[in-house]
file start-v2.txt (compact mmCIF, C-alpha atoms and all ligand atoms)
# COMPACT_ATOMS: atom_id res chain seq x y z
CA GLU A 1 96.24 -13.85 341.42
CA LYS A 2 99.17 -16.21 341.02
CA GLU A 3 102.07 -16.19 343.50
CA PRO A 4 104.99 -14.23 341.92
CA THR A 5 108.00 -16.17 340.62
CA ARG A 6 111.31 -14.88 341.92
CA VAL A 7 113.87 -14.56 339.12
CA LEU A 8 117.51 -13.87 339.88
CA VAL A 9 119.63 -12.19 337.20
CA THR A 10 123.34 -11.95 338.05
CA GLY A 11 125.50 -9.44 336.19
CA ALA A 12 122.27 -7.47 335.77
CA ALA A 13 124.05 -4.14 335.26
CA GLY A 14 125.74 -5.55 332.13
CA GLN A 15 124.69 -5.51 328.50
CA ILE A 16 122.68 -8.71 328.34
CA GLY A 17 121.06 -7.85 331.68
CA TYR A 18 119.83 -4.53 330.30
CA ALA A 19 118.15 -6.29 327.39
CA LEU A 20 116.88 -9.26 329.42
CA VAL A 21 115.20 -7.73 332.47
CA PRO A 22 112.46 -5.89 330.53
CA MET A 23 111.68 -9.10 328.63
CA ILE A 24 111.17 -10.93 331.93
CA ALA A 25 109.12 -8.08 333.42
CA ARG A 26 106.86 -8.06 330.34
CA GLY A 27 106.05 -11.74 330.72
CA LEU A 28 108.04 -12.95 327.72
CA MET A 29 109.88 -15.54 329.78
CA LEU A 30 107.18 -16.99 332.03
CA GLY A 31 104.02 -16.04 330.22
CA PRO A 32 101.57 -13.14 330.35
CA GLU A 33 99.75 -14.45 333.45
CA GLN A 34 102.77 -14.94 335.70
CA PRO A 35 103.77 -12.12 338.06
CA VAL A 36 107.49 -11.84 338.80
CA ILE A 37 109.85 -10.38 341.39
CA LEU A 38 113.26 -9.55 339.94
CA HIS A 39 116.38 -10.10 342.03
CA LEU A 40 119.27 -8.22 340.42
CA LEU A 41 122.85 -8.92 341.47
CA ASP A 42 126.04 -7.22 340.42
CA ILE A 43 129.36 -6.34 342.04
CA GLU A 44 130.27 -3.21 343.99
CA PRO A 45 131.82 -1.20 341.09
CA ALA A 46 128.53 -1.61 339.19
CA ALA A 47 126.23 -0.86 342.14
CA GLU A 48 125.21 2.57 340.94
CA ALA A 49 124.53 1.38 337.40
CA LEU A 50 122.52 -1.50 338.86
CA ASN A 51 120.41 0.94 340.79
CA GLY A 52 119.81 2.85 337.56
CA VAL A 53 118.46 -0.32 335.95
CA LYS A 54 116.13 -0.75 338.93
CA MET A 55 114.91 2.85 338.50
CA GLU A 56 114.13 2.23 334.84
CA LEU A 57 112.26 -0.97 335.66
CA ILE A 58 110.15 0.99 338.12
CA ASP A 59 109.54 3.74 335.57
CA ALA A 60 108.36 1.25 332.97
CA ALA A 61 105.42 0.41 335.29
CA PHE A 62 105.22 -3.23 334.17
CA PRO A 63 101.91 -4.73 335.37
CA LEU A 64 103.51 -8.14 336.04
CA LEU A 65 106.50 -6.81 337.98
CA LYS A 66 105.70 -6.98 341.69
CA ASP A 67 109.06 -5.95 343.14
CA VAL A 68 112.72 -5.38 342.27
CA ILE A 69 115.58 -6.20 344.61
CA ALA A 70 118.90 -4.75 343.44
CA THR A 71 121.87 -5.77 345.54
CA THR A 72 125.57 -6.57 345.62
CA ASP A 73 125.04 -9.14 348.37
CA VAL A 74 124.91 -12.60 346.83
CA VAL A 75 123.06 -14.14 349.78
CA GLU A 76 120.30 -11.52 349.67
CA ALA A 77 120.12 -11.90 345.89
CA CYS A 78 119.61 -15.67 346.06
CA GLU A 79 116.97 -15.64 348.82
CA GLY A 80 113.96 -17.70 347.76
CA VAL A 81 114.64 -17.53 344.01
CA ASN A 82 112.81 -19.97 341.74
CA ILE A 83 114.84 -19.25 338.61
CA ALA A 84 118.45 -18.06 338.41
CA ILE A 85 119.95 -16.63 335.24
CA MET A 86 123.68 -16.27 335.57
CA LEU A 87 125.10 -13.53 333.34
CA GLY A 88 127.76 -12.34 335.76
CA GLY A 89 131.35 -13.33 335.35
CA PHE A 90 134.88 -12.22 334.79
CA PRO A 91 135.46 -11.12 331.18
CA ARG A 92 138.52 -12.13 329.23
CA LYS A 93 140.80 -9.12 328.88
CA GLU A 94 143.53 -8.64 326.34
CA GLY A 95 146.68 -10.51 327.20
CA MET A 96 145.01 -12.77 329.72
CA GLU A 97 145.55 -16.47 329.52
CA ARG A 98 142.59 -18.76 329.15
CA LYS A 99 143.48 -20.49 332.40
CA GLU A 100 143.54 -17.21 334.30
CA VAL A 101 140.02 -16.29 333.12
CA MET A 102 138.84 -19.79 333.89
CA SER A 103 140.27 -19.60 337.37
CA LYS A 104 138.51 -16.29 338.15
CA ASN A 105 135.18 -17.64 336.92
CA ILE A 106 135.56 -20.94 338.72
CA SER A 107 135.88 -19.15 342.05
CA ILE A 108 132.87 -16.91 341.26
CA TYR A 109 130.72 -19.92 340.32
CA LYS A 110 131.84 -21.90 343.33
CA ALA A 111 130.78 -19.08 345.67
CA GLN A 112 127.49 -18.47 343.86
CA ALA A 113 126.73 -22.21 343.91
CA THR A 114 126.97 -22.17 347.68
CA ALA A 115 124.76 -19.08 347.96
CA LEU A 116 122.12 -20.68 345.72
CA GLU A 117 122.31 -24.00 347.50
CA LEU A 118 121.70 -22.38 350.88
CA ASN A 119 119.18 -19.69 349.92
CA ALA A 120 117.29 -20.48 346.72
CA ALA A 121 113.79 -22.01 346.70
CA ASP A 122 113.52 -25.79 346.40
CA ASN A 123 113.67 -26.94 342.83
CA CYS A 124 115.29 -23.69 341.62
CA LYS A 125 116.08 -23.83 337.91
CA VAL A 126 119.44 -22.41 336.84
CA LEU A 127 120.59 -21.12 333.44
CA VAL A 128 124.26 -20.20 333.08
CA VAL A 129 125.02 -17.77 330.25
CA ALA A 130 128.40 -16.36 331.35
CA ASN A 131 131.41 -17.91 329.66
CA PRO A 132 132.84 -20.48 329.84
CA ALA A 133 129.14 -21.34 330.12
CA ASN A 134 129.28 -25.15 330.18
CA THR A 135 132.15 -25.29 332.64
CA ASN A 136 130.70 -22.56 334.89
CA ALA A 137 127.50 -24.64 334.99
CA LEU A 138 129.51 -27.76 335.80
CA ILE A 139 131.17 -26.02 338.74
CA LEU A 140 127.83 -24.68 339.92
CA LYS A 141 126.44 -28.22 339.82
CA GLU A 142 129.39 -29.68 341.76
CA PHE A 143 129.17 -27.07 344.52
CA ALA A 144 125.39 -27.03 344.87
CA PRO A 145 124.77 -30.74 345.38
CA SER A 146 121.31 -30.23 346.89
CA ILE A 147 120.04 -28.63 343.67
CA PRO A 148 118.96 -31.50 341.40
CA GLU A 149 121.56 -31.89 338.63
CA ASN A 150 118.84 -31.70 335.98
CA ASN A 151 118.07 -28.15 337.19
CA ILE A 152 121.46 -26.78 336.14
CA THR A 153 121.76 -25.88 332.47
CA CYS A 154 123.72 -23.58 330.18
CA LEU A 155 122.81 -21.51 327.14
CA THR A 156 123.34 -22.82 323.61
CA MET A 157 119.99 -21.50 322.40
CA LEU A 158 121.69 -18.48 320.83
CA ASP A 159 123.76 -20.81 318.67
CA HIS A 160 120.61 -22.83 317.95
CA ASN A 161 118.70 -19.72 316.86
CA ARG A 162 121.64 -18.49 314.81
CA ALA A 163 121.72 -21.81 312.93
CA ILE A 164 117.98 -21.58 312.23
CA ALA A 165 118.37 -18.00 311.00
CA GLN A 166 121.21 -18.96 308.63
CA ILE A 167 119.20 -21.86 307.19
CA ALA A 168 116.07 -19.72 306.78
CA ASP A 169 118.15 -17.12 304.93
CA LYS A 170 119.79 -19.71 302.70
CA LEU A 171 116.47 -21.33 301.74
CA ASN A 172 114.50 -18.10 301.64
CA VAL A 173 111.93 -19.35 304.17
CA HIS A 174 110.81 -17.97 307.52
CA VAL A 175 112.63 -18.95 310.71
CA SER A 176 109.46 -20.41 312.19
CA ASP A 177 109.34 -23.01 309.39
CA VAL A 178 112.81 -24.36 310.24
CA LYS A 179 112.79 -26.99 312.98
CA ASN A 180 114.98 -29.46 314.78
CA VAL A 181 118.51 -28.27 314.23
CA ILE A 182 120.89 -29.43 316.95
CA ILE A 183 123.79 -27.74 318.67
CA TRP A 184 126.05 -30.39 320.16
CA GLY A 185 128.63 -29.80 322.87
CA ASN A 186 130.42 -26.76 324.18
CA HIS A 187 129.35 -23.13 323.70
CA SER A 188 132.72 -22.32 322.13
CA SER A 189 134.43 -22.50 318.78
CA THR A 190 134.11 -26.31 318.83
CA LEU A 191 130.30 -26.30 318.96
CA TYR A 192 128.72 -28.38 316.21
CA PRO A 193 125.49 -27.28 314.50
CA ASP A 194 123.99 -30.49 313.07
CA VAL A 195 121.29 -30.16 310.41
CA ASN A 196 120.95 -33.86 309.55
CA HIS A 197 117.54 -34.02 311.24
CA ALA A 198 116.42 -30.44 310.55
CA THR A 199 113.29 -29.84 308.48
CA VAL A 200 111.48 -27.04 306.69
CA THR A 201 107.69 -27.05 306.68
CA SER A 202 105.95 -25.39 303.74
CA THR A 203 102.68 -25.72 301.85
CA ASP A 204 104.23 -28.77 300.11
CA GLY A 205 104.77 -30.51 303.46
CA LYS A 206 107.89 -31.25 305.44
CA LYS A 207 111.30 -31.62 303.80
CA LEU A 208 114.81 -32.23 305.09
CA VAL A 209 117.06 -29.18 305.13
CA ARG A 210 119.94 -31.29 303.81
CA GLU A 211 117.92 -32.23 300.72
CA LEU A 212 116.68 -28.70 300.14
CA VAL A 213 120.13 -27.17 300.40
CA ALA A 214 121.64 -30.03 298.38
CA ASN A 215 125.13 -28.77 299.04
CA ASP A 216 127.22 -30.75 301.51
CA HIS A 217 129.93 -28.11 301.59
CA TRP A 218 127.44 -25.45 302.75
CA VAL A 219 125.94 -27.72 305.41
CA ASN A 220 129.17 -29.23 306.71
CA LYS A 221 131.53 -26.28 306.47
CA GLU A 222 129.91 -22.95 305.67
CA LEU A 223 127.01 -23.20 308.14
CA VAL A 224 129.30 -24.39 310.91
CA SER A 225 131.66 -21.48 310.40
CA ARG A 226 128.83 -18.93 310.00
CA VAL A 227 127.32 -19.95 313.33
CA GLN A 228 130.71 -19.99 315.01
CA GLN A 229 131.77 -16.65 313.54
CA ARG A 230 128.51 -14.80 314.13
CA GLY A 231 129.52 -13.54 317.58
CA ALA A 232 132.70 -12.01 316.12
CA ALA A 233 130.71 -10.41 313.27
CA ILE A 234 128.40 -8.73 315.81
CA ILE A 235 131.36 -7.41 317.79
CA LYS A 236 132.87 -6.00 314.61
CA ALA A 237 129.63 -4.25 313.67
CA ARG A 238 128.49 -3.04 317.09
CA LYS A 239 131.84 -2.74 318.86
CA LEU A 240 130.04 -4.66 321.60
CA SER A 241 129.16 -8.32 321.90
CA SER A 242 125.69 -9.75 321.23
CA ALA A 243 123.20 -8.66 323.86
CA LEU A 244 119.70 -8.41 322.39
CA SER A 245 119.96 -11.82 320.71
CA ALA A 246 121.61 -13.38 323.78
CA ALA A 247 118.87 -12.03 326.06
CA SER A 248 116.19 -13.27 323.67
CA ALA A 249 117.81 -16.72 323.58
CA ALA A 250 117.98 -16.83 327.39
CA CYS A 251 114.27 -16.02 327.40
CA ASP A 252 113.57 -18.80 324.87
CA HIS A 253 115.61 -21.26 326.94
CA VAL A 254 113.72 -20.67 330.20
CA CYS A 255 110.35 -20.28 328.49
CA THR A 256 110.73 -23.60 326.64
CA TRP A 257 112.01 -25.35 329.77
CA VAL A 258 109.09 -24.16 331.90
CA LEU A 259 106.27 -24.12 329.33
CA GLY A 260 107.37 -27.04 327.10
CA THR A 261 108.28 -27.81 323.50
CA LYS A 262 105.68 -28.25 320.77
CA LYS A 263 104.92 -31.81 319.67
CA GLY A 264 107.54 -33.16 317.26
CA THR A 265 110.05 -30.38 317.87
CA TRP A 266 113.10 -29.99 320.02
CA VAL A 267 115.58 -27.29 321.03
CA SER A 268 119.23 -27.31 322.13
CA MET A 269 120.28 -26.87 325.75
CA GLY A 270 123.48 -27.45 327.66
CA VAL A 271 122.42 -30.11 330.16
CA TYR A 272 123.84 -32.76 332.44
CA SER A 273 124.99 -35.73 330.36
CA ASP A 274 123.60 -39.12 331.37
CA GLY A 275 125.86 -40.82 328.83
CA SER A 276 123.42 -40.40 325.91
CA TYR A 277 125.13 -40.58 322.49
CA GLY A 278 128.27 -41.85 324.26
CA ILE A 279 129.04 -38.45 325.85
CA GLN A 280 130.90 -38.66 329.15
CA PRO A 281 128.35 -38.75 331.98
CA GLY A 282 128.39 -35.70 334.24
CA LEU A 283 129.59 -33.16 331.67
CA ILE A 284 127.33 -30.21 330.85
CA TYR A 285 126.98 -30.77 327.11
CA SER A 286 124.52 -29.32 324.62
CA PHE A 287 121.98 -31.90 323.41
CA PRO A 288 118.67 -31.82 321.55
CA VAL A 289 115.96 -31.82 324.23
CA THR A 290 112.20 -31.82 324.52
CA CYS A 291 110.54 -30.25 327.56
CA LYS A 292 107.34 -31.11 329.39
CA ASN A 293 106.02 -30.14 332.83
CA GLY A 294 109.16 -28.17 333.61
CA GLU A 295 111.54 -31.07 332.85
CA TRP A 296 113.80 -31.56 329.86
CA SER A 297 114.72 -34.90 328.32
CA ILE A 298 117.36 -35.67 325.77
CA VAL A 299 115.94 -36.76 322.40
CA GLN A 300 116.97 -40.38 321.98
CA GLY A 301 117.68 -42.60 319.00
CA LEU A 302 118.84 -40.05 316.42
CA LYS A 303 121.10 -41.54 313.77
CA ILE A 304 124.61 -40.10 314.00
CA ASP A 305 126.82 -40.31 310.93
CA GLU A 306 130.60 -40.47 310.96
CA PHE A 307 131.06 -36.74 310.28
CA SER A 308 128.81 -35.79 313.21
CA ARG A 309 130.46 -38.34 315.48
CA GLU A 310 133.87 -36.75 314.97
CA LYS A 311 132.53 -33.24 315.67
CA MET A 312 130.61 -34.40 318.74
CA ASP A 313 133.69 -36.13 320.11
CA ALA A 314 135.94 -33.12 319.49
CA THR A 315 133.69 -30.76 321.42
CA GLU A 316 133.35 -33.37 324.21
CA LYS A 317 137.13 -33.59 324.38
CA GLU A 318 137.36 -29.82 324.84
CA LEU A 319 134.85 -29.97 327.70
CA ILE A 320 136.80 -32.75 329.40
CA GLU A 321 139.92 -30.58 329.14
CA GLU A 322 138.09 -27.52 330.52
CA LYS A 323 136.88 -29.65 333.44
CA GLN A 324 140.46 -30.69 334.17
CA VAL A 325 141.67 -27.09 334.02
CA ALA A 326 138.81 -26.04 336.32
CA TYR A 327 139.72 -28.70 338.86
CA SER A 328 143.39 -27.83 338.73
CA CYS A 329 142.40 -24.19 339.45
CA LEU A 330 140.31 -25.31 342.41
CA ASN A 331 143.12 -27.40 343.81
CA SER A 332 145.87 -24.82 343.43
P1 LIG A 401 128.94 -7.42 330.57
O1 LIG A 401 130.39 -7.32 330.85
O2 LIG A 401 128.23 -6.30 329.91
O3 LIG A 401 128.16 -7.72 331.94
C1 LIG A 401 128.62 -8.63 332.89
C2 LIG A 401 128.20 -8.10 334.25
O4 LIG A 401 128.58 -9.07 335.24
C3 LIG A 401 128.89 -6.78 334.65
O5 LIG A 401 127.91 -5.83 335.04
C4 LIG A 401 129.79 -7.19 335.82
O6 LIG A 401 129.93 -6.15 336.77
C5 LIG A 401 129.01 -8.37 336.38
N1 LIG A 401 129.79 -9.26 337.25
C6 LIG A 401 131.11 -9.55 337.22
N2 LIG A 401 131.43 -10.38 338.22
C7 LIG A 401 130.30 -10.63 338.90
C8 LIG A 401 130.00 -11.40 340.05
N3 LIG A 401 130.94 -12.08 340.69
N4 LIG A 401 128.72 -11.44 340.47
C9 LIG A 401 127.76 -10.73 339.86
N5 LIG A 401 127.98 -9.97 338.77
C10 LIG A 401 129.23 -9.93 338.30
O7 LIG A 401 128.75 -8.78 329.74
P2 LIG A 401 127.52 -9.25 328.84
O8 LIG A 401 127.75 -8.82 327.45
O9 LIG A 401 126.26 -8.90 329.52
O10 LIG A 401 127.74 -10.84 328.86
C11 LIG A 401 127.55 -11.59 330.03
C12 LIG A 401 128.17 -12.96 329.86
O11 LIG A 401 127.50 -13.71 328.86
C13 LIG A 401 129.63 -12.96 329.45
O12 LIG A 401 130.33 -13.91 330.23
C14 LIG A 401 129.59 -13.40 328.00
O13 LIG A 401 130.80 -14.01 327.61
C15 LIG A 401 128.45 -14.37 328.03
N6 LIG A 401 127.81 -14.70 326.76
C16 LIG A 401 127.38 -15.97 326.57
C17 LIG A 401 126.62 -16.36 325.48
C18 LIG A 401 126.08 -17.75 325.36
O14 LIG A 401 125.50 -18.03 324.33
N7 LIG A 401 126.25 -18.65 326.32
C19 LIG A 401 126.36 -15.41 324.39
C20 LIG A 401 126.43 -13.98 324.83
C21 LIG A 401 127.53 -13.65 325.79
O15 LIG A 401 128.70 -13.37 325.08
call {"tool": "encode", "arguments": {"input": "start-v2.txt", "output": "structure tokens"}}
result
Amino acid sequence: EKEPTRVLVTGAAGQIGYALVPMIARGLMLGPEQPVILHLLDIEPAAEALNGVKMELIDAAFPLLKDVIATTDVVEACEGVNIAIMLGGFPRKEGMERKEVMSKNISIYKAQATALELNAADNCKVLVVANPANTNALILKEFAPSIPENNITCLTMLDHNRAIAQIADKLNVHVSDVKNVIIWGNHSSTLYPDVNHATVTSTDGKKLVRELVANDHWVNKELVSRVQQRGAAIIKARKLSSALSAASAACDHVCTWVLGTKKGTWVSMGVYSDGSYGIQPGLIYSFPVTCKNGEWSIVQGLKIDEFSREKMDATEKELIEEKQVAYSCLNS
């Protein structure tokens, strides 16, 4: 039997954690042949709830789940982990300034970077979900210099999947026939869902989404706002933020990264910018990527029109500003 993969989930007593851990234990993230050991981390006030999650995981008797470690000790949690999914963070509360929330999360991610750097397995792959996701990932990268920078990513797959779902609905096709949308930039209200290269496959062959929709207003304005507003619509309906869809997207992100993309298709991931498409090197920015042998690479050579360029630059600008705020928090 295969050696188990150790998967860390931080903030595991939270909403997304509750939806995500059974998916991992069932083999939906790493495949049906791969045994796993779950490392669950949360903070002291959530320790009892965390233990309850561990009890339920035990009661589910998952064949692939070899052990569960539930702890509030970050060092113990990070010990030997091969994959780290970071859901834990400080939530924005009413009346709090953006900078204050940022500052709390920056110090959490700085400390967790150090714990991962010192205790995780070599070549540990990291996915940051907690907001501000791109900037938390950036801080993690800066303070865990021995983890290869390509191993630190953030989640924009939920936005990617939301864009696919909106297009499928609009064109009355199935989500699995819609391919190659792109989420550019920050996981925030400036994110840009780009459908210029997206296609729909049907019995008549492959067609461009833009031609099928044949409505520039829908593609340029309506879709963008639907994807951006979807999180708020879920909160309104559920009185809680997205959890099932966020957990599923986190699963898709890691699964695609580890097991690869299908030929001719790509997904969106927040990754380390190498300067592709003129984006400032070193930022964690969402790009279209293909994955093979556990490595992602940015899809090169896509034509960018003027409308896209403006949107891509605006979301880059926001990330540069967040980086500055983060550094000013660290220095103060
Ligand atoms: P919850 O508030 O339900 O859970 C967060 C958990 O993190 C809590 O159990 C809390 O005790 C724990 N926590 C706080 N500080 C911690 C620390 N220092 N170490 C370990 N654990 C800590 O939030 P949930 O709805 O699960 O969302 C988790 C995060 O995902 C939030 O930051 C949220 O904003 C973010 N999201 C990001 C998305 C994305 O696409 N990138 C989409 C979904 C989600 O909104």
call {"tool": "axis_aligned_box", "arguments": {"input": "start-v2.txt", "around": "ligand LIG 401 (chain A)", "padding_each_side": "6 Å", "output": "AutoDock Vina command-line options"}}
result
--center_x 128.5 --center_y -12.2 --center_z 332.5 --size_x 17.9 --size_y 24.8 --size_z 28.4
call {"tool": "residues_around", "arguments": {"input": "start-v2.txt", "residues": "stretch 295-297 of chain A", "least_positions_apart": "2", "cutoff": "12 Å", "atoms": "only C-alpha atoms", "output": "VMD selection string"}}
result
chain A and resid 123 125 148 to 153 253 to 261 266 to 274 276 286 to 293 299 to 300
call {"tool": "write_last_selection", "arguments": {"input": "start-v2.txt", "atoms": "C-alpha atoms", "output": "short mmCIF file (atom, residue, chain, number, x, y, z; two decimals), in the coordinates of the input"}}
result
data_model
loop_
_atom_site.label_atom_id
_atom_site.label_comp_id
_atom_site.auth_asym_id
_atom_site.auth_seq_id
_atom_site.Cartn_x
_atom_site.Cartn_y
_atom_site.Cartn_z
CA ASN A 123 113.67 -26.94 342.83
CA LYS A 125 116.08 -23.83 337.91
CA PRO A 148 118.96 -31.50 341.40
CA GLU A 149 121.56 -31.89 338.63
CA ASN A 150 118.84 -31.70 335.98
CA ASN A 151 118.07 -28.15 337.19
CA ILE A 152 121.46 -26.78 336.14
CA THR A 153 121.76 -25.88 332.47
CA HIS A 253 115.61 -21.26 326.94
CA VAL A 254 113.72 -20.67 330.20
CA CYS A 255 110.35 -20.28 328.49
CA THR A 256 110.73 -23.60 326.64
CA TRP A 257 112.01 -25.35 329.77
CA VAL A 258 109.09 -24.16 331.90
CA LEU A 259 106.27 -24.12 329.33
CA GLY A 260 107.37 -27.04 327.10
CA THR A 261 108.28 -27.81 323.50
CA TRP A 266 113.10 -29.99 320.02
CA VAL A 267 115.58 -27.29 321.03
CA SER A 268 119.23 -27.31 322.13
CA MET A 269 120.28 -26.87 325.75
CA GLY A 270 123.48 -27.45 327.66
CA VAL A 271 122.42 -30.11 330.16
CA TYR A 272 123.84 -32.76 332.44
CA SER A 273 124.99 -35.73 330.36
CA ASP A 274 123.60 -39.12 331.37
CA SER A 276 123.42 -40.40 325.91
CA SER A 286 124.52 -29.32 324.62
CA PHE A 287 121.98 -31.90 323.41
CA PRO A 288 118.67 -31.82 321.55
CA VAL A 289 115.96 -31.82 324.23
CA THR A 290 112.20 -31.82 324.52
CA CYS A 291 110.54 -30.25 327.56
CA LYS A 292 107.34 -31.11 329.39
CA ASN A 293 106.02 -30.14 332.83
CA VAL A 299 115.94 -36.76 322.40
CA GLN A 300 116.97 -40.38 321.98
#
call {"tool": "closest_atom_pairs", "arguments": {"input": "start-v2.txt", "of": "chain A", "to": "ligand LIG 401 (chain A)", "cutoff": "7 Å", "atoms": "all atoms listed in the file", "output": "Markdown table"}}
result
| residue | atom | partner | partner_atom | distance |
| --- | --- | --- | --- | --- |
| A:Thr10 | CA | A:LIG401 | C9 | 4.9 |
| A:Gly11 | CA | A:LIG401 | O4 | 3.2 |
| A:Ala12 | CA | A:LIG401 | O5 | 5.9 |
| A:Ala13 | CA | A:LIG401 | O5 | 4.2 |
| A:Gly14 | CA | A:LIG401 | O3 | 3.3 |
| A:Gln15 | CA | A:LIG401 | O9 | 3.9 |
| A:Ile16 | CA | A:LIG401 | O9 | 3.8 |
| A:Gly17 | CA | A:LIG401 | O9 | 5.7 |
| A:Leu41 | CA | A:LIG401 | C9 | 5.5 |
| A:Asp42 | CA | A:LIG401 | N5 | 3.7 |
| A:Ile43 | CA | A:LIG401 | N5 | 5.1 |
| A:Pro45 | CA | A:LIG401 | O6 | 6.8 |
| A:Ala46 | CA | A:LIG401 | O6 | 5.3 |
| A:Leu87 | CA | A:LIG401 | C11 | 4.6 |
| A:Gly88 | CA | A:LIG401 | O4 | 3.4 |
| A:Gly89 | CA | A:LIG401 | N2 | 4.1 |
| A:Phe90 | CA | A:LIG401 | N2 | 5.2 |
| A:Pro91 | CA | A:LIG401 | O12 | 5.9 |
| A:Ile108 | CA | A:LIG401 | N3 | 5.2 |
| A:Val129 | CA | A:LIG401 | N7 | 4.2 |
| A:Ala130 | CA | A:LIG401 | O12 | 3.3 |
| A:Asn131 | CA | A:LIG401 | O12 | 4.2 |
| A:Ala133 | CA | A:LIG401 | N7 | 5.5 |
| A:Cys154 | CA | A:LIG401 | N7 | 6.8 |
| A:Leu155 | CA | A:LIG401 | N7 | 4.5 |
| A:Thr156 | CA | A:LIG401 | O14 | 5.3 |
| A:Met157 | CA | A:LIG401 | O14 | 6.8 |
| A:Leu158 | CA | A:LIG401 | O14 | 5.2 |
| A:Asp159 | CA | A:LIG401 | O14 | 6.5 |
| A:His187 | CA | A:LIG401 | N7 | 6.0 |
| A:Ser241 | CA | A:LIG401 | O8 | 5.7 |
| A:Ser242 | CA | A:LIG401 | C20 | 5.6 |
| A:Ala243 | CA | A:LIG401 | O8 | 5.8 |
| A:Ala246 | CA | A:LIG401 | C20 | 5.0 |
call {"tool": "closest_residue", "arguments": {"input": "start-v2.txt", "among": "A:Tyr327, A:Tyr109, A:Tyr285, A:Phe62", "to": "A:Ala314", "atoms": "only C-alpha atoms"}}
result
A:Tyr285
call {"tool": "closest_residue", "arguments": {"input": "start-v2.txt", "among": "A:Asp252, A:Trp184, A:Gln280, A:His197", "to": "A:Arg309", "atoms": "only C-alpha atoms"}}
result
A:Trp184
call {"tool": "closest_residue", "arguments": {"input": "start-v2.txt", "among": "A:Ile139, A:Val74, A:Val209, A:Ala198", "to": "A:Leu171", "atoms": "only C-alpha atoms"}}
result
A:Val209
call {"tool": "atom_distance", "arguments": {"input": "start-v2.txt", "atom1": "atom CA of A:Asn331", "atom2": "atom CA of A:Ile106"}}
result
11.2 Å
call {"tool": "atom_distance", "arguments": {"input": "start-v2.txt", "atom1": "atom CA of A:Glu142", "atom2": "atom CA of A:Ile85"}}
result
17.4 Å
call {"tool": "residues_around", "arguments": {"input": "start-v2.txt", "residues": "A:Glu100", "least_positions_apart": "4", "cutoff": "12 Å", "atoms": "only C-alpha atoms", "output": "ChimeraX atom specification"}}
result
/A:90-96,104-107,325-326,328-330
call {"tool": "atom_distance", "arguments": {"input": "start-v2.txt", "atom1": "atom CA of A:Cys124", "atom2": "atom CA of A:Ile83"}}
result
5.4 Å
call {"tool": "closest_residue", "arguments": {"input": "start-v2.txt", "among": "A:Asn196, A:Thr201, A:Gln229, A:Thr5", "to": "A:Ala214", "atoms": "all atoms listed in the file"}}
result
A:Asn196
call {"tool": "closest_residue", "arguments": {"input": "start-v2.txt", "among": "A:Asn119, A:Asn186, A:Thr265, A:Asn180", "to": "A:Ile147", "atoms": "only C-alpha atoms"}}
result
A:Asn119
call {"tool": "residues_around", "arguments": {"input": "start-v2.txt", "residues": "A:Val224", "least_positions_apart": "2", "cutoff": "12 Å", "atoms": "all atoms listed in the file", "output": "PyMOL selection string"}}
result
chain A and resi 159-160+162-164+166-167+181-184+188-195+216-222+226-230+308+311
call {"tool": "residues_around", "arguments": {"input": "start-v2.txt", "residues": "A:Glu3", "least_positions_apart": "5", "cutoff": "9 Å", "atoms": "only C-alpha atoms", "output": "count of residues only"}}
result
3
call {"tool": "closest_residue", "arguments": {"input": "start-v2.txt", "among": "A:Asp169, A:Glu79, A:Asp305, A:Glu316", "to": "A:Pro281", "atoms": "all atoms listed in the file"}}
result
A:Glu316
call {"tool": "residues_around", "arguments": {"input": "start-v2.txt", "residues": "A:Ala113", "least_positions_apart": "3", "cutoff": "7 Å", "atoms": "only C-alpha atoms", "output": "number ranges by chain"}}
result
A: 109-110, 116-117, 140, 143-144
call {"tool": "build_atoms", "arguments": {"input": "start-v2.txt", "residues": "stretch 300-307 of chain A", "atoms": "N, CA and C atoms", "output": "short mmCIF file (atom, residue, chain, number, x, y, z; two decimals), in the coordinates of the input"}}
result
data_model
loop_
_atom_site.label_atom_id
_atom_site.label_comp_id
_atom_site.auth_asym_id
_atom_site.auth_seq_id
_atom_site.Cartn_x
_atom_site.Cartn_y
_atom_site.Cartn_z
N GLN A 300 116.20 -39.15 322.14
CA GLN A 300 116.97 -40.38 321.98
C GLN A 300 116.85 -40.95 320.57
N GLY A 301 117.81 -41.77 320.20
CA GLY A 301 117.68 -42.60 319.00
C GLY A 301 117.95 -41.91 317.68
N LEU A 302 118.53 -40.69 317.70
CA LEU A 302 118.84 -40.05 316.42
C LEU A 302 120.04 -40.73 315.78
N LYS A 303 119.99 -40.90 314.48
CA LYS A 303 121.10 -41.54 313.77
C LYS A 303 122.25 -40.53 313.66
N ILE A 304 123.44 -40.97 314.02
CA ILE A 304 124.61 -40.10 314.00
C ILE A 304 125.58 -40.63 312.94
N ASP A 305 125.87 -39.82 311.94
CA ASP A 305 126.82 -40.31 310.93
C ASP A 305 128.26 -40.04 311.37
N GLU A 306 129.19 -40.52 310.56
CA GLU A 306 130.60 -40.47 310.96
C GLU A 306 131.11 -39.04 311.13
N PHE A 307 130.66 -38.15 310.23
CA PHE A 307 131.06 -36.74 310.28
C PHE A 307 130.60 -36.11 311.61
#
